[in-house]
Amino acid sequence: MENTLLIGLSRQMMLERQMDVVANNVANVNTNGYKADRSLFEEYLMPVAHEDNFVGGDRRLSFVQDRATFHDFAGGPTEQTKNPLDVAIDGKAFLVVQTPAGERYTRDGGLQINAQGQLVTASGSPVLGTNGPITFQQTDHDITISDDGTVTVIEGTNNAADSIRGKLRLVSFAQAQKLLKEGSNLYAAGEGNIARPDTTARVRQGFIERSNVSAVSEMSRMVEVSRAYTQMATLLQQQSELQRSAIEKLADVPA
């Protein structure tokens, strides 16, 4: 009976972990460029006993083990905003931003210009170009971002020739699953994970990449996990009552 309780408890622990992942996905269903997380579990078989005096082989116990949580980097749907500072990335590349903790990476292309004239993310982190932060002058207008990430403007009031303000730095990773999620929709590279320039990705100005989370699928998964947890709790309660009943009956056996 103890084995049943332990196996059920391992299942409940994994369902709780899965619920945390699903809930975080649901919370970010409207976060631009967000990539969903997925849970991965596996069976763990453990022998019942290790003595040599049992007849026949031991019957192994099947536990549930948390194998990993991985990122789903499938592209989210793109939406046209016609905002010249919004960009969506076609490909596996990330934008590079500067933070107090160092360089970080994002797929959120909802960009802005701060009071210092720097191109920044929605959270205020400067977006890095190939030569550092991209900075505009007060007289710049008609901002254009080409498909390779080159940022040009019309400078001044006399419609002079285009002036280049920088080129968006696009990078990708050979081991994207090592990326670590941080706050503000940013990723850290992770140990030994090197950002490499991505020349194959293309930038779409005036578009934004939405979250790749399907609200309907995630809500269905949340209901499924909740029901499974309730069923397991009921099973464990029944097993506990059976154990208590067995102990009471054994106590009534005459000496």
# chains A, B, ... in the order shown; residues from 1 in each chain; ligands from 1
>>> residues_around(residues="segment 178-181 of chain A", least_positions_apart="5", cutoff="8 Å", atoms="only C-alpha atoms", output="list of chain:residue names")
A:Leu186, A:Tyr187, A:Ala188, A:Ala189, A:Gly190, A:Glu191, A:Asn193
>>> select_by_dssp(residues="segment 115-146 of chain A", states="strand (DSSP E or B)", output="ChimeraX atom specification")
/A:118-120,126-129,132-133,135,141-145
>>> residues_around(residues="segment 94-104 of chain A", least_positions_apart="2", cutoff="7 Å", atoms="only C-alpha atoms", output="MDAnalysis selection string")
chainID A and resid 92 106:107 125:128 169:172 186:188
>>> closest_residue(among="A:Gln118, A:Ser211, A:Gln65, A:Thr144", to="Gly132 of chain A", atoms="only C-alpha atoms")
A:Gln118
>>> closest_residue(among="A:Thr130, A:Met19, A:Ile208, A:Leu236", to="Glu224 of chain A", atoms="only C-alpha atoms")
A:Met19
>>> select_by_dssp(residues="segment 27-248 of chain A", states="alpha helix (DSSP H)", output="number ranges by chain")
A: 27, 215-248
>>> write_last_selection(atoms="N, CA, C and O atoms", output="compact mmCIF listing (two decimals), in the first residue's frame")
# COMPACT_ATOMS: atom_id res chain seq x y z
N ALA A 27 -0.76 33.01 -18.89
CA ALA A 27 -0.53 34.39 -18.45
C ALA A 27 0.17 35.22 -19.52
O ALA A 27 0.08 36.45 -19.50
N ALA A 215 -4.46 29.97 -26.79
CA ALA A 215 -5.26 30.09 -25.57
C ALA A 215 -6.21 28.90 -25.40
O ALA A 215 -6.36 28.38 -24.30
N VAL A 216 -6.83 28.47 -26.49
CA VAL A 216 -7.77 27.36 -26.41
C VAL A 216 -7.06 26.07 -26.00
O VAL A 216 -7.53 25.35 -25.10
N SER A 217 -5.92 25.80 -26.62
CA SER A 217 -5.18 24.57 -26.30
C SER A 217 -4.69 24.57 -24.86
O SER A 217 -4.76 23.56 -24.15
N GLU A 218 -4.17 25.73 -24.42
CA GLU A 218 -3.63 25.80 -23.06
C GLU A 218 -4.74 25.70 -22.01
O GLU A 218 -4.55 25.07 -20.97
N MET A 219 -5.88 26.30 -22.26
CA MET A 219 -6.98 26.19 -21.31
C MET A 219 -7.50 24.76 -21.25
O MET A 219 -7.84 24.26 -20.17
N SER A 220 -7.55 24.09 -22.40
CA SER A 220 -7.96 22.68 -22.41
C SER A 220 -6.97 21.83 -21.63
O SER A 220 -7.36 20.93 -20.88
N ARG A 221 -5.68 22.13 -21.82
CA ARG A 221 -4.65 21.39 -21.09
C ARG A 221 -4.75 21.66 -19.58
O ARG A 221 -4.54 20.76 -18.77
N MET A 222 -5.08 22.88 -19.22
CA MET A 222 -5.22 23.21 -17.80
C MET A 222 -6.36 22.42 -17.16
O MET A 222 -6.23 21.90 -16.04
N VAL A 223 -7.48 22.31 -17.87
CA VAL A 223 -8.62 21.52 -17.36
C VAL A 223 -8.22 20.05 -17.24
O VAL A 223 -8.55 19.38 -16.25
N GLU A 224 -7.50 19.55 -18.23
CA GLU A 224 -7.06 18.15 -18.22
C GLU A 224 -6.15 17.86 -17.03
O GLU A 224 -6.31 16.85 -16.33
N VAL A 225 -5.21 18.75 -16.78
CA VAL A 225 -4.28 18.56 -15.66
C VAL A 225 -5.03 18.64 -14.33
O VAL A 225 -4.79 17.85 -13.41
N SER A 226 -5.95 19.59 -14.23
CA SER A 226 -6.72 19.75 -13.00
C SER A 226 -7.54 18.51 -12.70
O SER A 226 -7.61 18.04 -11.54
N ARG A 227 -8.17 17.94 -13.71
CA ARG A 227 -8.97 16.73 -13.51
C ARG A 227 -8.09 15.55 -13.11
O ARG A 227 -8.46 14.77 -12.22
N ALA A 228 -6.93 15.42 -13.76
CA ALA A 228 -6.03 14.33 -13.43
C ALA A 228 -5.54 14.44 -11.98
O ALA A 228 -5.42 13.44 -11.26
N TYR A 229 -5.27 15.67 -11.55
CA TYR A 229 -4.81 15.88 -10.16
C TYR A 229 -5.91 15.50 -9.18
O TYR A 229 -5.65 14.87 -8.14
N THR A 230 -7.16 15.88 -9.48
CA THR A 230 -8.28 15.56 -8.60
C THR A 230 -8.49 14.05 -8.52
O THR A 230 -8.74 13.50 -7.44
N GLN A 231 -8.40 13.38 -9.67
CA GLN A 231 -8.56 11.93 -9.69
C GLN A 231 -7.48 11.24 -8.86
O GLN A 231 -7.75 10.28 -8.12
N MET A 232 -6.25 11.75 -8.97
CA MET A 232 -5.15 11.14 -8.21
C MET A 232 -5.34 11.40 -6.72
O MET A 232 -5.07 10.52 -5.88
N ALA A 233 -5.82 12.60 -6.36
CA ALA A 233 -6.07 12.90 -4.95
C ALA A 233 -7.14 11.97 -4.38
O ALA A 233 -7.03 11.50 -3.24
N THR A 234 -8.18 11.70 -5.19
CA THR A 234 -9.24 10.78 -4.75
C THR A 234 -8.69 9.37 -4.55
O THR A 234 -9.01 8.69 -3.57
N LEU A 235 -7.85 8.92 -5.47
CA LEU A 235 -7.24 7.59 -5.36
C LEU A 235 -6.39 7.48 -4.10
O LEU A 235 -6.45 6.48 -3.37
N LEU A 236 -5.59 8.51 -3.83
CA LEU A 236 -4.73 8.48 -2.65
C LEU A 236 -5.56 8.51 -1.36
O LEU A 236 -5.20 7.86 -0.37
N GLN A 237 -6.66 9.24 -1.39
CA GLN A 237 -7.54 9.27 -0.22
C GLN A 237 -8.16 7.90 0.02
O GLN A 237 -8.23 7.42 1.17
N GLN A 238 -8.60 7.24 -1.05
CA GLN A 238 -9.16 5.90 -0.92
C GLN A 238 -8.12 4.92 -0.41
O GLN A 238 -8.42 4.05 0.43
N GLN A 239 -6.90 5.04 -0.90
CA GLN A 239 -5.83 4.14 -0.46
C GLN A 239 -5.49 4.37 1.01
O GLN A 239 -5.23 3.43 1.75
N SER A 240 -5.52 5.63 1.42
CA SER A 240 -5.25 5.94 2.82
C SER A 240 -6.33 5.37 3.73
O SER A 240 -6.04 4.83 4.81
N GLU A 241 -7.59 5.47 3.30
CA GLU A 241 -8.69 4.91 4.09
C GLU A 241 -8.60 3.39 4.15
O GLU A 241 -8.90 2.79 5.19
N LEU A 242 -8.20 2.77 3.05
CA LEU A 242 -8.03 1.31 3.04
C LEU A 242 -6.94 0.89 4.00
O LEU A 242 -7.08 -0.11 4.73
N GLN A 243 -5.87 1.64 4.04
CA GLN A 243 -4.77 1.34 4.95
C GLN A 243 -5.22 1.49 6.41
O GLN A 243 -4.90 0.65 7.26
N ARG A 244 -5.96 2.55 6.69
CA ARG A 244 -6.44 2.77 8.06
C ARG A 244 -7.39 1.66 8.49
O ARG A 244 -7.34 1.16 9.62
N SER A 245 -8.26 1.25 7.54
CA SER A 245 -9.21 0.18 7.84
C SER A 245 -8.48 -1.13 8.13
O SER A 245 -8.85 -1.89 9.05
N ALA A 246 -7.42 -1.41 7.36
CA ALA A 246 -6.66 -2.65 7.56
C ALA A 246 -5.97 -2.64 8.93
O ALA A 246 -5.94 -3.65 9.64
N ILE A 247 -5.45 -1.48 9.33
CA ILE A 247 -4.79 -1.38 10.64
C ILE A 247 -5.80 -1.58 11.77
O ILE A 247 -5.53 -2.27 12.76
N GLU A 248 -7.01 -1.01 11.59
CA GLU A 248 -8.04 -1.18 12.64
C GLU A 248 -8.46 -2.63 12.77
O GLU A 248 -8.68 -3.13 13.88
>>> atom_distance(atom1="atom CA of Glu209 of chain A", atom2="atom CA of Pro133 of chain A")
22.2 Å
>>> residues_around(residues="segment 138-142 of chain A", least_positions_apart="2", cutoff="7 Å", atoms="only C-alpha atoms", output="JSON, numbers by chain")
{"A": [136, 144, 153, 154, 155, 156]}
>>> atom_distance(atom1="atom CA of Asp198 of chain A", atom2="atom CA of Ala74 of chain A")
17.2 Å
>>> atom_distance(atom1="atom CA of Arg202 of chain A", atom2="atom CA of Thr69 of chain A")
28.7 Å
>>> closest_residue(among="A:Asn30, A:Thr81, A:Ser146, A:Ser123", to="Arg204 of chain A", atoms="only C-alpha atoms")
A:Ser146
>>> residues_around(residues="Ala122 of chain A", least_positions_apart="6", cutoff="7 Å", atoms="only C-alpha atoms", output="list of chain:residue names")
A:Gly110, A:Leu111, A:Gln112
